[in-house]
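**Q** Quick one, final-v3.cif (mmCIF, C-alpha atoms and all ligand atoms):
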data_upload
#
loop_
_atom_site.label_atom_id
_atom_site.label_comp_id
_atom_site.auth_asym_id
_atom_site.auth_seq_id
_atom_site.Cartn_x
_atom_site.Cartn_y
_atom_site.Cartn_z
CA MET A 6 100.00 96.48 120.35
CA THR A 7 98.24 96.96 123.69
CA LEU A 8 100.41 98.20 126.54
CA LYS A 9 100.18 96.29 129.82
CA PRO A 10 98.03 98.05 132.42
CA MET A 11 100.15 100.12 134.80
CA THR A 12 100.97 98.52 138.14
CA THR A 13 99.71 99.89 141.45
CA GLU A 14 103.21 101.17 142.11
CA GLU A 15 103.36 102.99 138.77
CA LEU A 16 99.89 104.44 139.25
CA THR A 17 100.72 105.78 142.69
CA THR A 18 104.11 107.30 141.91
CA PRO A 19 104.41 111.07 142.11
CA ALA A 20 102.55 112.88 139.38
CA THR A 21 105.73 113.91 137.59
CA SER A 22 106.28 110.35 136.41
CA LEU A 23 102.58 109.54 135.89
CA PHE A 24 102.33 112.44 133.43
CA ASP A 25 105.78 111.96 131.93
CA LEU A 26 105.80 111.94 128.11
CA THR A 27 109.47 111.11 127.65
CA GLY A 28 109.98 108.94 124.60
CA ARG A 29 106.46 109.61 123.28
CA ARG A 30 106.15 111.00 119.76
CA ALA A 31 103.38 113.55 119.24
CA LEU A 32 101.89 115.28 116.22
CA VAL A 33 100.01 118.48 117.12
CA THR A 34 98.03 120.33 114.45
CA GLY A 35 97.48 124.07 114.62
CA ALA A 36 100.70 124.48 116.61
CA SER A 37 101.58 127.91 115.17
CA ARG A 38 99.60 129.86 117.79
CA GLY A 39 96.88 129.68 120.43
CA ILE A 40 95.83 126.45 122.13
CA GLY A 41 97.81 124.19 119.77
CA ARG A 42 101.02 126.10 120.49
CA ALA A 43 100.42 125.85 124.24
CA ILE A 44 99.81 122.09 124.00
CA ALA A 45 102.89 121.51 121.82
CA VAL A 46 105.14 123.39 124.25
CA ALA A 47 103.64 121.60 127.26
CA PHE A 48 104.16 118.18 125.63
CA ALA A 49 107.81 119.03 124.85
CA ARG A 50 108.29 120.22 128.44
CA HIS A 51 106.90 116.88 129.62
CA GLY A 52 109.58 115.13 127.56
CA ALA A 53 107.78 114.35 124.30
CA GLN A 54 109.22 114.59 120.83
CA VAL A 55 106.72 116.94 119.16
CA LEU A 56 106.06 117.69 115.52
CA GLY A 57 103.90 120.79 115.11
CA VAL A 58 101.85 121.35 111.99
CA ALA A 59 100.14 124.49 110.60
CA ARG A 60 100.53 126.75 107.57
CA SER A 61 102.60 129.56 109.09
CA GLU A 62 106.29 128.63 109.26
CA GLN A 63 106.96 131.80 111.24
CA GLY A 64 104.34 130.90 113.85
CA LEU A 65 105.68 127.36 114.10
CA ALA A 66 109.25 128.63 114.47
CA GLU A 67 108.08 130.90 117.32
CA THR A 68 106.50 127.87 119.01
CA GLY A 69 109.89 126.16 118.65
CA GLU A 70 111.57 129.07 120.44
CA LEU A 71 109.10 128.77 123.34
CA ALA A 72 109.89 125.06 123.58
CA GLY A 73 113.63 125.77 123.51
CA ASP A 74 114.09 124.96 127.22
CA ALA A 75 112.14 121.68 127.05
CA SER A 76 113.52 118.28 127.95
CA GLY A 77 111.77 116.93 124.85
CA SER A 78 111.93 118.50 121.40
CA PHE A 79 109.86 120.49 118.90
CA ASP A 80 110.16 120.34 115.15
CA PHE A 81 107.62 121.51 112.58
CA MET A 82 106.16 121.06 109.14
CA SER A 83 104.13 123.57 107.13
CA VAL A 84 100.97 121.85 105.87
CA ASP A 85 97.55 122.99 104.70
CA LEU A 86 95.24 120.50 106.40
CA ARG A 87 92.46 121.18 103.90
CA SER A 88 94.42 119.01 101.46
CA ALA A 89 93.82 115.25 101.81
CA GLU A 90 97.13 114.49 100.04
CA GLY A 91 98.87 116.94 102.38
CA ILE A 92 97.45 115.06 105.37
CA ASP A 93 98.64 111.63 104.23
CA ALA A 94 102.10 112.98 103.43
CA CYS A 95 102.24 114.85 106.72
CA VAL A 96 101.45 111.77 108.85
CA ALA A 97 103.87 109.58 106.89
CA GLN A 98 106.66 112.17 107.18
CA ALA A 99 105.97 112.75 110.87
CA ALA A 100 106.20 109.02 111.61
CA ALA A 101 109.34 108.67 109.47
CA SER A 102 111.11 111.61 111.11
CA MET A 103 110.21 110.62 114.69
CA GLY A 104 110.47 106.84 114.19
CA GLY A 105 106.75 106.34 114.87
CA LEU A 106 103.75 108.17 116.27
CA ASP A 107 102.14 107.74 119.69
CA ILE A 108 100.00 110.86 120.18
CA LEU A 109 97.86 112.76 117.70
CA VAL A 110 96.26 116.07 118.66
CA ASN A 111 93.67 117.27 116.14
CA ASN A 112 93.51 120.94 117.10
CA ALA A 113 93.64 123.09 113.93
CA ALA A 114 90.33 124.78 113.19
CA ASP A 115 88.72 127.84 111.74
CA ASP A 116 85.51 129.69 112.50
CA HIS A 117 83.05 131.75 110.48
CA GLU A 118 80.23 133.44 112.32
CA SER A 119 77.09 134.27 110.35
CA THR A 120 73.42 133.38 110.28
CA ILE A 121 72.49 130.28 108.30
CA GLU A 122 70.96 132.49 105.58
CA ASP A 123 74.17 134.45 105.24
CA THR A 124 76.45 131.41 105.21
CA ASP A 125 77.45 130.48 101.70
CA PRO A 126 77.67 126.69 101.17
CA ALA A 127 81.32 127.21 100.26
CA VAL A 128 81.89 128.56 103.77
CA TRP A 129 80.21 125.48 105.23
CA ASP A 130 82.59 123.32 103.15
CA ARG A 131 85.65 125.26 104.32
CA VAL A 132 84.73 125.05 108.00
CA VAL A 133 83.63 121.40 107.94
CA ASP A 134 86.63 120.39 105.79
CA LEU A 135 89.12 121.66 108.34
CA ASN A 136 87.29 121.27 111.64
CA LEU A 137 85.89 117.79 111.01
CA ARG A 138 87.06 116.07 107.83
CA SER A 139 90.76 116.84 108.33
CA CYS A 140 90.61 115.40 111.88
CA TRP A 141 88.97 112.23 110.57
CA LEU A 142 91.56 111.98 107.78
CA MET A 143 94.48 112.57 110.17
CA THR A 144 93.20 109.90 112.54
CA ARG A 145 92.66 107.46 109.69
CA ALA A 146 96.14 108.12 108.28
CA ALA A 147 97.73 107.67 111.73
CA SER A 148 95.91 104.44 112.54
CA ALA A 149 98.70 101.91 111.93
CA TYR A 150 101.29 103.98 113.82
CA LEU A 151 99.03 104.63 116.81
CA LYS A 152 98.08 100.96 117.07
CA ASP A 153 101.76 100.03 117.13
CA GLY A 154 102.52 101.33 120.60
CA GLY A 155 99.53 102.23 122.76
CA GLY A 156 98.49 105.45 121.05
CA LYS A 157 96.41 108.43 122.10
CA VAL A 158 94.19 110.66 119.98
CA ILE A 159 93.07 113.96 121.46
CA ASN A 160 90.48 115.90 119.48
CA ILE A 161 90.16 119.54 120.42
CA ALA A 162 86.42 120.00 120.10
CA SER A 163 84.53 122.79 121.88
CA ILE A 164 81.63 123.30 124.23
CA LEU A 165 79.95 124.11 120.90
CA GLY A 166 80.23 120.39 120.20
CA LEU A 167 77.87 119.83 123.15
CA VAL A 168 75.52 122.80 122.99
CA GLY A 169 74.49 125.21 120.26
CA ILE A 170 74.97 128.94 119.78
CA ARG A 171 73.36 131.35 117.33
CA ASN A 172 75.05 132.41 114.07
CA ASP A 173 77.75 129.71 113.95
CA SER A 174 75.98 126.69 112.47
CA ALA A 175 78.87 125.29 110.39
CA TYR A 176 81.30 125.45 113.32
CA VAL A 177 78.74 124.00 115.75
CA ALA A 178 77.93 121.16 113.34
CA ALA A 179 81.61 120.35 112.79
CA LYS A 180 82.36 120.31 116.53
CA HIS A 181 79.33 118.09 117.27
CA GLY A 182 80.61 115.83 114.49
CA LEU A 183 84.11 115.75 115.98
CA ILE A 184 82.71 114.55 119.29
CA GLY A 185 80.81 111.86 117.36
CA VAL A 186 84.02 110.79 115.61
CA THR A 187 85.78 110.70 118.99
CA ARG A 188 83.21 108.32 120.44
CA ALA A 189 82.93 106.13 117.33
CA VAL A 190 86.69 105.65 116.83
CA ALA A 191 87.19 105.15 120.58
CA LEU A 192 84.89 102.13 120.31
CA GLU A 193 86.59 100.85 117.15
CA TRP A 194 90.05 101.04 118.71
CA ALA A 195 89.24 100.20 122.33
CA ARG A 196 90.83 96.76 122.06
CA ALA A 197 93.71 97.96 119.93
CA GLY A 198 95.28 99.85 122.83
CA VAL A 199 94.50 103.31 121.45
CA GLN A 200 92.50 105.79 123.53
CA VAL A 201 90.52 108.45 121.68
CA ASN A 202 89.26 111.37 123.74
CA ALA A 203 88.26 114.98 123.25
CA ILE A 204 88.72 118.25 125.09
CA ALA A 205 85.85 120.74 124.96
CA PRO A 206 87.28 124.19 125.65
CA GLY A 207 85.08 127.08 126.63
CA PHE A 208 85.92 130.65 125.58
CA ALA A 209 89.66 131.33 125.33
CA GLN A 210 91.68 134.36 124.38
CA THR A 211 93.21 133.45 121.03
CA ALA A 212 93.19 134.72 117.45
CA MET A 213 89.93 132.79 116.99
CA LEU A 214 88.18 135.18 119.39
CA PRO A 215 89.74 138.56 118.62
CA ASP A 216 86.63 140.35 119.92
CA LEU A 217 87.68 139.73 123.51
CA THR A 218 90.37 142.39 123.30
CA THR A 219 88.62 144.79 120.94
CA ASN A 220 84.94 144.63 121.81
CA ASP A 221 83.76 145.46 125.33
CA ASP A 222 80.30 143.98 124.67
CA ALA A 223 81.78 140.60 123.75
CA ALA A 224 84.15 140.63 126.70
CA ASN A 225 81.39 141.64 129.13
CA TYR A 226 79.06 138.98 127.72
CA ILE A 227 81.64 136.29 128.57
CA ARG A 228 82.31 137.76 132.02
CA ARG A 229 78.57 137.57 132.71
CA GLN A 230 77.95 134.12 131.18
CA VAL A 231 80.94 132.17 132.49
CA PRO A 232 80.44 131.14 136.13
CA MET A 233 84.14 131.72 136.82
CA GLY A 234 83.71 135.24 135.44
CA ARG A 235 86.50 135.16 132.89
CA TRP A 236 87.71 133.54 129.69
CA ALA A 237 90.66 131.14 129.58
CA GLN A 238 94.24 131.60 128.49
CA PRO A 239 95.54 128.96 126.02
CA ASP A 240 97.85 127.43 128.66
CA GLU A 241 94.84 126.51 130.77
CA PHE A 242 94.05 123.58 128.44
CA THR A 243 97.50 122.02 128.71
CA GLY A 244 96.75 120.13 131.94
CA ALA A 245 93.86 118.30 130.29
CA ALA A 246 95.93 117.63 127.17
CA VAL A 247 98.97 116.27 129.05
CA PHE A 248 96.63 114.09 131.13
CA LEU A 249 94.94 112.64 128.03
CA ALA A 250 98.33 112.11 126.33
CA SER A 251 99.86 110.36 129.33
CA ARG A 252 99.44 106.93 130.86
CA ALA A 253 97.43 108.56 133.64
CA SER A 254 94.41 108.34 131.32
CA ASP A 255 94.98 104.79 130.03
CA TYR A 256 91.52 103.56 131.15
CA MET A 257 89.66 106.49 129.56
CA THR A 258 88.36 106.42 126.04
CA GLY A 259 85.49 108.10 124.19
CA HIS A 260 85.44 110.81 126.86
CA VAL A 261 84.86 114.53 126.40
CA LEU A 262 86.79 116.54 128.98
CA VAL A 263 85.08 119.90 129.40
CA VAL A 264 87.35 122.82 130.38
CA ASP A 265 85.04 125.83 130.36
CA GLY A 266 85.07 127.72 133.65
CA GLY A 267 81.72 126.11 134.53
CA LEU A 268 79.85 127.44 131.49
CA THR A 269 78.04 124.19 130.64
CA ALA A 270 77.51 123.17 134.28
CA ARG A 271 74.23 125.03 134.55
N1 LIG B 301 89.53 130.06 121.33
C1 LIG B 301 88.41 129.57 121.82
O1 LIG B 301 87.63 130.25 122.52
C2 LIG B 301 88.04 128.13 121.55
C3 LIG B 301 86.90 127.63 122.19
C4 LIG B 301 86.53 126.31 121.98
C5 LIG B 301 87.30 125.51 121.15
N2 LIG B 301 88.40 126.01 120.53
C6 LIG B 301 89.14 125.11 119.66
O2 LIG B 301 90.50 125.08 120.04
C7 LIG B 301 91.31 124.80 118.90
C8 LIG B 301 92.40 125.84 118.79
O3 LIG B 301 91.79 127.11 118.59
P1 LIG B 301 92.52 128.48 118.90
O4 LIG B 301 91.57 129.29 119.66
O5 LIG B 301 93.89 128.22 119.42
O6 LIG B 301 92.58 129.08 117.42
P2 LIG B 301 93.68 129.89 116.63
O7 LIG B 301 94.52 130.69 117.53
O8 LIG B 301 92.97 130.56 115.52
O9 LIG B 301 94.60 128.72 116.04
C9 LIG B 301 94.15 127.91 114.99
C10 LIG B 301 95.32 127.05 114.52
O10 LIG B 301 94.88 126.27 113.40
C11 LIG B 301 95.80 126.43 112.33
N3 LIG B 301 95.14 126.31 111.04
C12 LIG B 301 94.08 127.05 110.58
N4 LIG B 301 93.79 126.69 109.32
C13 LIG B 301 94.68 125.70 108.98
C14 LIG B 301 94.90 124.93 107.81
N5 LIG B 301 94.14 125.07 106.71
N6 LIG B 301 95.91 124.02 107.80
C15 LIG B 301 96.70 123.87 108.89
N7 LIG B 301 96.53 124.56 110.03
C16 LIG B 301 95.54 125.47 110.07
C17 LIG B 301 96.36 127.83 112.53
O11 LIG B 301 97.64 127.94 111.94
P3 LIG B 301 97.98 128.62 110.52
O12 LIG B 301 97.07 129.82 110.36
O13 LIG B 301 99.42 128.94 110.66
O14 LIG B 301 97.71 127.57 109.49
C18 LIG B 301 96.50 127.88 114.04
O15 LIG B 301 97.70 127.27 114.45
C19 LIG B 301 90.35 124.78 117.71
O16 LIG B 301 89.97 123.45 117.44
C20 LIG B 301 89.15 125.55 118.21
O17 LIG B 301 87.96 125.21 117.54
C21 LIG B 301 88.79 127.29 120.71
#
Written as structure tokens, how would this file's structure read?

**A**
Amino acid sequence: MTLKPMTTEELTTPATSLFDLTGRRALVTGASRGIGRAIAVAFARHGAQVLGVARSEQGLAETGELAGDASGSFDFMSVDLRSAEGIDACVAQAAASMGGLDILVNNAADDHESTIEDTDPAVWDRVVDLNLRSCWLMTRAASAYLKDGGGKVINIASILGLVGIRNDSAYVAAKHGLIGVTRAVALEWARAGVQVNAIAPGFAQTAMLPDLTTNDDAANYIRRQVPMGRWAQPDEFTGAAVFLASRASDYMTGHVLVVDGGLTAR
């Protein structure tokens, strides 16, 4: 079902209603910490009914506590997204418990830094399975629900889906692939009323980049390389995510929204 385009009046109302997610049902993967947690809490605070998915029940419960003051809601399900059966069951249960599904955020990912020679093929499989295949499987499983009510898919890619870096070939390949999936499915679903976009974060302080707090060389490298002179905090991606989840972005699809402190601008 394609939603009617918003009227001029709706499009020019104050931003609070343009970005309102009240009544929207969102599934956010990797919601137990980091960027996924920040997005899940922001969606709930913008009124959405959110189901967070990850493996750690404790992490997910902590996300729920942070969303405790939200006008929307946060519930969670512990799932290992490397399991195809787990993914199908997760999407079906999410839609059953929320009465449908409007927004899918494919955010869960893992990294493994090593040279190509030192990367065992099993490591490649693990990284690509989670960072690319699981996102494709989630999107595929959510198709019918998303097409039912003007859905949104937001893939959390990376600037490493646009440019390369040394010693991270599996991650870089998976993130380039995720941007490819974003563009391909955006075209497939453009007339079905579902927008498929990606966010490409730059360096952010999360468990994925522990070096920032423990290794002065890594921290100084980022301070030097990033035009804004600093890395991001997870909350700094929530504006882009709420925008892409809301009706404010209804005429955007197949887009990659870069949020990187200017890193890829030069
Ligand atoms: N941090 C950065 O600098 C940066 C830069 C560019 C892009 N990104 C992207 O941003 C997204 C979020 O990254 P982050 O920095 O927030 O990482 P993070 O703190 O390590 O969080 C990763 C999330 O993925 C979940 N996850 C990992 N393996 C899983 C599995 N097998 N099944 C289900 N969930 C799983 C983790 O939860 P459990 O361990 O509880 O399962 C966690 O919630 C990722 O797509 C990442 O590639 C991050």

**Q** Write as number ranges by chain the residues around ligand LIG 301 (chain B), taking 8 Å as the cut-off and counting only C-alpha atoms and all ligand atoms.

**A** A: 34-42, 58-62, 64-65, 83-87, 111-116, 135-136, 160-165, 176, 180, 205-214, 236-237, 239

**Q** If you measure from atom CA of Phe48 of chain A to atom CA of Glu67 of chain A, what distance in Å do you get, rounded to one decimal?

**A**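 Going from atom CA of Phe48 of chain A over to atom CA of Glu67 of chain A covers 15.7 Å.
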
**Q** Can you pull out every residue within 10 Å of Arg252 of chain A, counting only C-alpha atoms, but drop anything in the same chain fewer than 5 positions away, and send it as a count of residues only?

**A** 15

**Q** Quick one: pull the distance between atom CA of Asp240 of chain A and atom CA of Val46 of chain A, Å, one decimal.

**A**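 Distance reported for this atom pair: 9.4 Å.
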
**Q** Do you know which residues are at most 12 Å from Gly185 of chain A counting all atoms listed in the file, after dropping those on the same chain fewer than 5 positions away, and could you put them as a list of chain:residue names?

**A**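 Listing them by chain and then by number gives A:Leu137, A:Cys140, A:Trp141, A:Asn160, A:Ala162, A:Gly166, A:Leu167, A:Ala178, A:Ala179, A:Lys180, A:Val190, A:Ala191, A:Leu192, A:Val201, A:Asn202, A:Ala203, A:Gly259, A:His260, A:Val261.
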
**Q** Pick the closest to Val128 of chain A from A:Ala147, A:Ala175, A:Ala101, A:Ala89: which is it, counting only C-alpha atoms?

**A** A:Ala175

**Q** Counting all atoms listed in the file, select every polymer residue within 9 Å of (108.4, 128.0, 121.5) as defined in the file's coordinates, and provide the selection as a list in words.

**A**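 Nearby residues: Arg42, Ala43, Ala45, Val46, Leu65, Ala66, Glu67, Thr68, Gly69, Glu70, Leu71, Ala72, Gly73, Asp74 and Phe79 of chain A.
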
**Q** Take atom CA of Gly182 of chain A and atom CA of Val110 of chain A and report the distance between them in Å, one decimal.

**A**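 Result for atom CA of Gly182 of chain A versus atom CA of Val110 of chain A: 16.2 Å, one decimal.
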
**Q** Between A:Ser139, A:Ser119, A:Gln200, A:Thr218, which has the minimum distance to Asn172 of chain A (counting all atoms listed in the file)?

**A**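 Selected residue with least distance to Asn172 of chain A: A:Ser119.
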
**Q** I need the residue nearest Glu90 of chain A from this list: A:Leu249, A:Ile227, A:Leu142, A:Ile170. Use all atoms listed in the file for the distance.

**A**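 Of A:Leu249, A:Ile227, A:Leu142, A:Ile170, the one nearest Glu90 of chain A is A:Leu142, counting all atoms listed in the file.
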
**Q** Would you please work out which residue, of A:Asp130, A:Val96, A:Ala53, A:Glu122, is nearest to Met82 of chain A when using all atoms listed in the file?

**A**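 Looking only at the distances to Met82 of chain A, the closest residue turns out to be A:Val96.
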
**Q** Ranking A:Gln238, A:Ala270, A:Met143, A:His117 by minimum distance to Arg131 of chain A and counting all atoms listed in the file, which one comes first?

**A**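 The shortest atom-to-atom distance to Arg131 of chain A comes from A:His117.
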